[in-house]
Amino acid sequence: MTPRRTRLALALVLFVGCAAVAVPAEVVVLKDGFVIQGDMRKETEVVVDKASGRSVPIVKAGGLDIIDEGPKWTIFSTHAKQLGAISPDIKLRPEYKAYTMPFPGRKSNNPLTDIGETVKVSEFNSKWIRTIEAKSFVAANAHIDQQITHIDPHMIYLVSATHLWRLSYRTNEWDPKLVRKLLLMHPELSEPDGKCVPLKRIALAKFMLDAGWLQYAKDEMDRLKREFTAALPKDAQEAHDQLTKEIDQATAELVVREAEKALAAGRYKYAAEVLAIFPEKTADSKEVARAAKVGADLKTGQERHDTARRVLNGLIDDVSGTRPLNALVAVGGGAALGAWKPEKAVTSQALELAAAGAHVFAELHPDSAMRIETFVTLATQAERERAAGKEPTKKPDELIATAISGWALGRNGATPNVESALKVWSARQLVLAYQRGESPASRNDALSRYRKNAALDIPQLAQVISLLPPAEPEDLNDRTGKPLSIGKTVPGGVYQRTSAPAPGHAAGIDYIVKLPPEYHHGRAYPVLIVLTHAGINPEDVLGPLMTESEKNGYIVVAPEWTNQFGKGWQWRPEDHVYVTAVLRDAVRHFTVDNDRVFLCGVGEGANMAMDVGASHPDLFAGVVPMAPIPKWGNFFIEYWRNAQKLPFYVVTGELAGQSLPNLRHIFANWTRHGFPAVMTIYKGRAVEWFAAETPTIFDWMSRKTRVNGTATLALGSNRQSWAMLRENDNRFYWLQADKVVVGKNGGAIVPALMQGDVRGNLIDLKCDKVKHLTVWLSAEMIDWTKPVKVQINGSVPSGWSKAKAIEPSLDVLLEDYHERGDRRMLFLNKLELKTVP
């Protein structure tokens, strides 16, 4: 047996297990609500019985927990499992009607590992058999018989009679027209004489509905109505009525789910359009209630936004003296401008207020309108007072002051004090100027101007930064970059851009960006960074991801890296810039929610995603590698530790070569320590883009947010040190190693390690092979009113024999924000420490 064939056999032993160790179908709900459903299994290993010489599979000590979901296995950590009863709100997969075809038996046991590129594939015959002609590494072209033995709405299972190969698919991966054709060949559904048999057509429509092909189910029912004109028999009529009801309910559920996603994605216009077609008459009470809630939330958010814009626009006119002008222009057009003279002189303060109010007006979005709720309350009260002939409690300038301060600081920071509000706004503008500064001199100029007008303490300024728009917002009416058309399945609106200069890339890095529909700079959006593979059609990857991103409101960013390396991902730290610099550039031009940035890759792009994610876990909320072959020796043998706060959703195929053994090593550590990682393995599949996983991936991502603040300290009893094998991989949330000494032990590289904890105001650090440490302090990590103590490896470092008072630093806050562009993870000061020898 060749080494490659040995690895394949090992994979089958590791992940197939045997029926004897399977537990009846079970539903596992992870702590974040993610659902896995299937037959529970324990990983097995094969031992040889000395008495009989037979190989016997047994449960492996410390083996992985596996759920057989039909077309795939899923591995998870029992530490991440919810305890208690399953919530009735969780939608479970029912038992489906399956159609099977008998397998006539094996003709030969040829190994699949001798097979190369596919040359020709025949059509399936009436026995659901087809022949694949493929190149062989050892002989003439091979002919592989392949038969479907099982089809249900969830999975399709195929077996080869000529080769040691069986594989599975999610049914929705296949063309529904082909599935219909196959089903009509089955004895239970075929119509040999060509006459329409109602019960068979209804069963076919039921299959289509259960597979998620709602329109095909409707088409099947329409076809039945056209082809069978007589009255339906009683049993067929009952089945017809029941299925009609199920189709109506599925339609209602689909519509309301689409509306919920649209509202959650900030797509208010589309949500309203979807709700307008909600079939209330045929929907059940549960879906009616869901639709009503979406409608109420949509109305509330839109009305809050519209009211805020209306009253703010009127007040801007009042304060700037342009209301009479606006009325004149409405009647006489632009020519009226020349004849207009303001009724009274407008002060510079009034113009400043009006300009700030105009910024708020432009940035306002229904999802962010709550920030100026105090303003809306006071402004509408003033309207009512004027209507009643009373003097308003608040003057127009005070009302605008409330709006701009609330917008800059959040609802709790709103103030009607004009001078205070303008100082807050000035601070906001100066921080943006600092962020745009391309040179230290320009940033220092902005900093000097801020110090002269400083009205905020540093924690307040951090709050302002957390709500800032992009430093250089893209003009959405005049987009920069080059519009692209990638393929028929990729939605429009894709642009190629070039990042700012980056290390090693003086001309910047090209990347693709796709904004979600109804994108607005006044709302923060999650980001999906996609890393493609040179051997896989980009359309196959970007098509399903961008379609689903539109539904869920993600910005999609795809660095163009695949042409840079002739041999795929090279695992070099200097190449991480393809992700880090592109993310930094996107943050500069679009409103990114830094706490919801995800990294997804396929093939070599998956290797890249695992490398970058494990090296910079503090940048991401999750990593989704498809068919990676991660380096185990001298890399993930150490870097697996760095995922203790970074969720991974790994998808691969059973025949993906070295992928499984390497991932097996990683997941043995991740699951044992309860890391937030899940792995899905498709049966009999190799390296490919598993498009059927796309909705599942977005469901998984919807439950993830990057850990931040004090959550980064909560590592639990399975705490691991952060591992570093390269100098560039040196920052993990609030800990940074400034001088790393990577050692060697024989041929193996020995990592530098560090970990830290904050208990009260004691910063307790441990490190190995690190000469200098930097501790970054966020607002909630310590009590800033009390002195701080530091210890490294149980000893007090130089200069820290006594506790020290630490104060927030404006310079640290602004420069770190400028460097990383991260509006969510902000640090108010840092401690630079020499480690204890």
# chains A, B, ... in the order shown; residues from 1 in each chain; ligands from 1
call {"tool": "residues_around", "arguments": {"residues": "Ser549 of chain A", "least_positions_apart": "5", "cutoff": "10 Å", "atoms": "only C-alpha atoms", "output": "PyMOL selection string"}}
result
chain A and resi 265+514-517+526-528+542-544+554-556+694-695+698
call {"tool": "write_last_selection", "arguments": {"atoms": "C-alpha atoms", "output": "PDB file, in the first residue's frame"}}
result
ATOM      1  CA  ALA A 265     -28.772  43.882   7.598  1.00  0.00           C
ATOM      2  CA  LYS A 514     -18.602  44.375  -2.685  1.00  0.00           C
ATOM      3  CA  LEU A 515     -20.848  46.527  -0.497  1.00  0.00           C
ATOM      4  CA  PRO A 516     -24.208  45.217   0.687  1.00  0.00           C
ATOM      5  CA  PRO A 517     -27.365  46.730  -0.823  1.00  0.00           C
ATOM      6  CA  PRO A 526     -19.537  43.130   9.365  1.00  0.00           C
ATOM      7  CA  VAL A 527     -16.810  42.189   6.908  1.00  0.00           C
ATOM      8  CA  LEU A 528     -16.004  38.896   5.210  1.00  0.00           C
ATOM      9  CA  LEU A 542     -17.474  34.595  -4.668  1.00  0.00           C
ATOM     10  CA  GLY A 543     -20.897  33.882  -6.226  1.00  0.00           C
ATOM     11  CA  PRO A 544     -22.501  32.081  -3.257  1.00  0.00           C
ATOM     12  CA  TYR A 554     -21.752  41.925   4.945  1.00  0.00           C
ATOM     13  CA  ILE A 555     -19.052  43.876   3.158  1.00  0.00           C
ATOM     14  CA  VAL A 556     -17.051  41.355   1.098  1.00  0.00           C
ATOM     15  CA  THR A 694     -22.531  28.834   2.629  1.00  0.00           C
ATOM     16  CA  PRO A 695     -25.854  29.366   4.500  1.00  0.00           C
ATOM     17  CA  PHE A 698     -23.420  32.649   7.714  1.00  0.00           C
TER      18      PHE A 698
END
call {"tool": "residues_around", "arguments": {"residues": "Glu574 of chain A", "least_positions_apart": "6", "cutoff": "10 Å", "atoms": "only C-alpha atoms", "output": "ChimeraX atom specification"}}
result
/A:503-504,726,728-729
call {"tool": "write_last_selection", "arguments": {"atoms": "N, CA and C atoms", "output": "compact mmCIF listing (two decimals), in the first residue's frame"}}
result
# COMPACT_ATOMS: atom_id res chain seq x y z
N PRO A 503 3.81 47.69 3.71
CA PRO A 503 5.17 47.14 3.76
C PRO A 503 5.42 46.13 2.64
N GLY A 504 6.44 46.41 1.84
CA GLY A 504 6.76 45.54 0.72
C GLY A 504 5.91 45.77 -0.51
N ARG A 726 7.55 33.66 14.91
CA ARG A 726 8.05 34.69 14.00
C ARG A 726 7.89 36.04 14.68
N ASN A 728 6.97 38.89 13.62
CA ASN A 728 5.80 39.70 13.25
C ASN A 728 4.52 39.24 13.93
N ASP A 729 4.48 38.01 14.41
CA ASP A 729 3.28 37.48 15.05
C ASP A 729 3.37 37.73 16.55
call {"tool": "residues_around", "arguments": {"residues": "segment 667-670 of chain A", "least_positions_apart": "5", "cutoff": "9 Å", "atoms": "only C-alpha atoms", "output": "list in words"}}
result
Gly62, Gly63, Leu64, Ile75, Phe76, Ser77, Trp640, Arg641, Ala643, Gln644, Asn662, Phe675, Pro676, Ala677, Val678 and Met679 of chain A
call {"tool": "atom_distance", "arguments": {"atom1": "atom CA of Arg257 of chain A", "atom2": "atom CA of Lys551 of chain A"}}
result
10.4 Å
call {"tool": "select_by_dssp", "arguments": {"residues": "segment 281-415 of chain A", "states": "helix (DSSP H, G or I)", "output": "ChimeraX atom specification"}}
result
/A:285-320,323-332,334-339,348-363,369-387,396-409,411-413
call {"tool": "write_last_selection", "arguments": {"atoms": "C-alpha atoms", "output": "mmCIF file, in the first residue's frame"}}
result
data_model
loop_
_atom_site.group_PDB
_atom_site.id
_atom_site.type_symbol
_atom_site.label_atom_id
_atom_site.label_comp_id
_atom_site.auth_asym_id
_atom_site.auth_seq_id
_atom_site.Cartn_x
_atom_site.Cartn_y
_atom_site.Cartn_z
ATOM 1 C CA SER A 285 -50.185 32.306 13.585
ATOM 2 C CA LYS A 286 -46.473 31.934 14.380
ATOM 3 C CA GLU A 287 -45.368 33.423 11.061
ATOM 4 C CA VAL A 288 -48.006 36.170 11.295
ATOM 5 C CA ALA A 289 -46.577 37.123 14.691
ATOM 6 C CA ARG A 290 -43.018 37.139 13.306
ATOM 7 C CA ALA A 291 -44.071 39.308 10.371
ATOM 8 C CA ALA A 292 -45.892 41.686 12.698
ATOM 9 C CA LYS A 293 -42.781 42.079 14.830
ATOM 10 C CA VAL A 294 -40.589 42.786 11.820
ATOM 11 C CA GLY A 295 -43.159 45.301 10.586
ATOM 12 C CA ALA A 296 -43.321 47.026 13.967
ATOM 13 C CA ASP A 297 -39.531 47.185 14.293
ATOM 14 C CA LEU A 298 -39.228 48.433 10.733
ATOM 15 C CA LYS A 299 -41.836 51.125 11.310
ATOM 16 C CA THR A 300 -40.315 52.232 14.615
ATOM 17 C CA GLY A 301 -36.810 52.487 13.217
ATOM 18 C CA GLN A 302 -37.908 54.253 10.043
ATOM 19 C CA GLU A 303 -40.152 56.707 11.871
ATOM 20 C CA ARG A 304 -37.415 57.519 14.383
ATOM 21 C CA HIS A 305 -35.017 58.151 11.504
ATOM 22 C CA ASP A 306 -37.483 60.180 9.431
ATOM 23 C CA THR A 307 -38.540 62.304 12.395
ATOM 24 C CA ALA A 308 -34.921 62.983 13.324
ATOM 25 C CA ARG A 309 -34.088 64.065 9.778
ATOM 26 C CA ARG A 310 -37.180 66.241 9.462
ATOM 27 C CA VAL A 311 -36.713 68.169 12.676
ATOM 28 C CA LEU A 312 -32.938 68.377 12.292
ATOM 29 C CA ASN A 313 -33.228 69.718 8.763
ATOM 30 C CA GLY A 314 -35.674 72.389 9.896
ATOM 31 C CA LEU A 315 -33.450 73.453 12.783
ATOM 32 C CA ILE A 316 -30.398 73.674 10.527
ATOM 33 C CA ASP A 317 -32.410 76.023 8.324
ATOM 34 C CA ASP A 318 -33.462 78.098 11.349
ATOM 35 C CA VAL A 319 -29.982 78.383 12.863
ATOM 36 C CA SER A 320 -28.212 79.123 9.568
ATOM 37 C CA ARG A 323 -35.221 78.579 5.833
ATOM 38 C CA PRO A 324 -36.553 81.603 3.870
ATOM 39 C CA LEU A 325 -34.048 80.779 1.143
ATOM 40 C CA ASN A 326 -35.234 77.210 0.933
ATOM 41 C CA ALA A 327 -38.821 78.370 0.613
ATOM 42 C CA LEU A 328 -37.852 80.818 -2.159
ATOM 43 C CA VAL A 329 -35.884 78.176 -4.067
ATOM 44 C CA ALA A 330 -38.843 75.790 -3.811
ATOM 45 C CA VAL A 331 -41.000 78.359 -5.615
ATOM 46 C CA GLY A 332 -38.562 80.134 -7.927
ATOM 47 C CA GLY A 334 -32.072 78.200 -8.321
ATOM 48 C CA ALA A 335 -32.377 81.671 -9.879
ATOM 49 C CA ALA A 336 -33.901 82.878 -6.607
ATOM 50 C CA LEU A 337 -30.515 82.530 -4.927
ATOM 51 C CA GLY A 338 -29.280 85.780 -6.443
ATOM 52 C CA ALA A 339 -32.221 87.754 -5.098
ATOM 53 C CA SER A 348 -19.935 82.038 13.172
ATOM 54 C CA GLN A 349 -21.185 79.875 16.051
ATOM 55 C CA ALA A 350 -24.503 79.399 14.286
ATOM 56 C CA LEU A 351 -22.767 78.433 11.055
ATOM 57 C CA GLU A 352 -20.570 75.978 12.970
ATOM 58 C CA LEU A 353 -23.656 74.430 14.554
ATOM 59 C CA ALA A 354 -25.395 74.200 11.201
ATOM 60 C CA ALA A 355 -22.352 72.590 9.554
ATOM 61 C CA ALA A 356 -22.090 70.009 12.333
ATOM 62 C CA GLY A 357 -25.824 69.357 12.118
ATOM 63 C CA ALA A 358 -25.492 68.811 8.376
ATOM 64 C CA HIS A 359 -22.874 66.119 9.036
ATOM 65 C CA VAL A 360 -25.250 64.372 11.438
ATOM 66 C CA PHE A 361 -28.063 64.677 8.892
ATOM 67 C CA ALA A 362 -25.901 63.042 6.197
ATOM 68 C CA GLU A 363 -24.609 60.242 8.433
ATOM 69 C CA ALA A 369 -30.854 57.103 15.078
ATOM 70 C CA MET A 370 -31.083 56.091 18.748
ATOM 71 C CA ARG A 371 -27.894 58.081 19.326
ATOM 72 C CA ILE A 372 -29.915 61.301 18.971
ATOM 73 C CA GLU A 373 -33.058 60.108 20.736
ATOM 74 C CA THR A 374 -32.700 62.877 23.355
ATOM 75 C CA PHE A 375 -32.586 65.439 20.577
ATOM 76 C CA VAL A 376 -35.705 64.020 18.905
ATOM 77 C CA THR A 377 -37.577 64.089 22.216
ATOM 78 C CA LEU A 378 -36.659 67.717 22.905
ATOM 79 C CA ALA A 379 -37.196 68.862 19.308
ATOM 80 C CA THR A 380 -40.673 67.321 19.029
ATOM 81 C CA GLN A 381 -41.531 68.814 22.417
ATOM 82 C CA ALA A 382 -40.488 72.225 21.064
ATOM 83 C CA GLU A 383 -42.777 71.681 18.052
ATOM 84 C CA ARG A 384 -45.708 70.948 20.319
ATOM 85 C CA GLU A 385 -44.959 74.030 22.435
ATOM 86 C CA ARG A 386 -44.855 76.270 19.366
ATOM 87 C CA ALA A 387 -48.107 74.767 18.084
ATOM 88 C CA PRO A 396 -32.913 75.945 18.022
ATOM 89 C CA ASP A 397 -29.182 76.220 18.751
ATOM 90 C CA GLU A 398 -29.591 74.226 21.968
ATOM 91 C CA LEU A 399 -31.494 71.551 20.108
ATOM 92 C CA ILE A 400 -28.813 71.203 17.435
ATOM 93 C CA ALA A 401 -26.227 71.110 20.219
ATOM 94 C CA THR A 402 -28.121 68.152 21.683
ATOM 95 C CA ALA A 403 -28.097 66.428 18.291
ATOM 96 C CA ILE A 404 -24.393 66.828 17.509
ATOM 97 C CA SER A 405 -23.215 65.925 21.022
ATOM 98 C CA GLY A 406 -25.464 62.859 21.093
ATOM 99 C CA TRP A 407 -24.246 61.815 17.663
ATOM 100 C CA ALA A 408 -20.586 62.214 18.660
ATOM 101 C CA LEU A 409 -20.760 60.687 22.146
ATOM 102 C CA ARG A 411 -27.267 59.017 23.585
ATOM 103 C CA ASN A 412 -25.934 59.387 27.144
ATOM 104 C CA GLY A 413 -23.539 62.130 26.075
#
call {"tool": "residues_around", "arguments": {"residues": "Lys195 of chain A", "least_positions_apart": "2", "cutoff": "9 Å", "atoms": "only C-alpha atoms", "output": "MDAnalysis selection string"}}
result
chainID A and resid 191:193 197 227:228
call {"tool": "write_last_selection", "arguments": {"atoms": "N, CA and C atoms", "output": "short mmCIF file (atom, residue, chain, number, x, y, z; two decimals), in the first residue's frame"}}
result
data_model
loop_
_atom_site.label_atom_id
_atom_site.label_comp_id
_atom_site.auth_asym_id
_atom_site.auth_seq_id
_atom_site.Cartn_x
_atom_site.Cartn_y
_atom_site.Cartn_z
N GLU A 191 -43.87 6.65 -13.85
CA GLU A 191 -45.18 6.48 -14.50
C GLU A 191 -44.95 5.78 -15.84
N PRO A 192 -44.83 4.44 -15.80
CA PRO A 192 -44.43 3.69 -17.01
C PRO A 192 -45.29 3.94 -18.22
N ASP A 193 -46.59 4.11 -18.01
CA ASP A 193 -47.46 4.30 -19.17
C ASP A 193 -47.63 5.77 -19.55
N VAL A 197 -49.99 10.17 -12.29
CA VAL A 197 -50.49 9.50 -11.08
C VAL A 197 -50.44 10.53 -9.95
N GLU A 227 -52.21 18.43 -15.81
CA GLU A 227 -52.16 17.11 -16.46
C GLU A 227 -53.20 16.14 -15.92
N PHE A 228 -53.75 16.42 -14.74
CA PHE A 228 -54.80 15.54 -14.22
C PHE A 228 -56.05 16.39 -14.02
#
call {"tool": "residues_around", "arguments": {"residues": "segment 809-824 of chain A", "least_positions_apart": "5", "cutoff": "7 Å", "atoms": "only C-alpha atoms", "output": "PDB file with N, CA and C atoms, in the first residue's frame"}}
result
ATOM      1  N   GLN A 435      -6.454  61.058  12.091  1.00  0.00           N
ATOM      2  CA  GLN A 435      -6.538  59.757  11.424  1.00  0.00           C
ATOM      3  C   GLN A 435      -6.165  59.872   9.954  1.00  0.00           C
ATOM      4  N   ILE A 458      -9.954  61.566  28.298  1.00  0.00           N
ATOM      5  CA  ILE A 458      -9.544  60.570  27.314  1.00  0.00           C
ATOM      6  C   ILE A 458     -10.547  59.430  27.182  1.00  0.00           C
ATOM      7  N   ILE A 465     -14.339  58.121  19.396  1.00  0.00           N
ATOM      8  CA  ILE A 465     -13.670  57.342  18.356  1.00  0.00           C
ATOM      9  C   ILE A 465     -14.496  56.112  17.986  1.00  0.00           C
ATOM     10  N   SER A 466     -15.102  55.475  18.988  1.00  0.00           N
ATOM     11  CA  SER A 466     -15.867  54.249  18.726  1.00  0.00           C
ATOM     12  C   SER A 466     -17.057  54.502  17.814  1.00  0.00           C
ATOM     13  N   ARG A 584      -7.131  47.166   6.711  1.00  0.00           N
ATOM     14  CA  ARG A 584      -6.887  48.548   7.171  1.00  0.00           C
ATOM     15  C   ARG A 584      -7.410  49.559   6.154  1.00  0.00           C
ATOM     16  N   VAL A 587     -11.262  49.684   6.252  1.00  0.00           N
ATOM     17  CA  VAL A 587     -11.709  50.431   7.435  1.00  0.00           C
ATOM     18  C   VAL A 587     -11.593  51.931   7.198  1.00  0.00           C
ATOM     19  N   ASN A 594     -15.413  46.437  13.492  1.00  0.00           N
ATOM     20  CA  ASN A 594     -14.183  45.687  13.735  1.00  0.00           C
ATOM     21  C   ASN A 594     -14.392  44.460  14.613  1.00  0.00           C
ATOM     22  N   ASP A 595     -15.471  44.434  15.354  1.00  0.00           N
ATOM     23  CA  ASP A 595     -15.747  43.266  16.193  1.00  0.00           C
ATOM     24  C   ASP A 595     -16.388  42.130  15.410  1.00  0.00           C
ATOM     25  N   ASN A 829      -3.583  53.519  27.290  1.00  0.00           N
ATOM     26  CA  ASN A 829      -2.172  53.666  27.627  1.00  0.00           C
ATOM     27  C   ASN A 829      -1.486  52.320  27.452  1.00  0.00           C
TER      28      ASN A 829
END
call {"tool": "select_by_dssp", "arguments": {"residues": "segment 119-164 of chain A", "states": "strand (DSSP E)", "output": "list in words"}}
result
Val119, Lys120, Val121, Ile129, Arg130, Thr131, Ile132, Glu133, Ala134, Lys135, Ser136, Ala142, His143, Ile144, Asp145, Gln146, Gln147, Ile148, Thr149, His150, Ile151, Met155, Ile156, Tyr157, Leu158 and Val159 of chain A
call {"tool": "residues_around", "arguments": {"residues": "Gly492 of chain A", "least_positions_apart": "3", "cutoff": "9 Å", "atoms": "only C-alpha atoms", "output": "list in words"}}
result
Pro483, Leu484, Ser485, Ile486 and Lys514 of chain A
call {"tool": "write_last_selection", "arguments": {"atoms": "N, CA and C atoms", "output": "JSON list (two decimals), in the first residue's frame"}}
result
[["chain", "number", "residue", "atom", "x", "y", "z"],
["A", 483, "PRO", "N", -15.03, 49.02, -11.79],
["A", 483, "PRO", "CA", -16.14, 48.06, -11.69],
["A", 483, "PRO", "C", -15.79, 46.76, -12.41],
["A", 484, "LEU", "N", -16.15, 45.63, -11.79],
["A", 484, "LEU", "CA", -15.82, 44.32, -12.35],
["A", 484, "LEU", "C", -17.07, 43.50, -12.58],
["A", 485, "SER", "N", -17.00, 42.62, -13.57],
["A", 485, "SER", "CA", -18.03, 41.61, -13.78],
["A", 485, "SER", "C", -17.32, 40.26, -13.71],
["A", 486, "ILE", "N", -17.51, 39.55, -12.60],
["A", 486, "ILE", "CA", -16.75, 38.32, -12.36],
["A", 486, "ILE", "C", -17.43, 37.12, -13.01],
["A", 514, "LYS", "N", -17.16, 44.39, -2.35],
["A", 514, "LYS", "CA", -18.60, 44.38, -2.68],
["A", 514, "LYS", "C", -19.36, 44.85, -1.46]]
call {"tool": "closest_residue", "arguments": {"among": "A:His365, A:Lys269, A:His505, A:Arg226", "to": "Ala524 of chain A", "atoms": "only C-alpha atoms"}}
result
A:His365
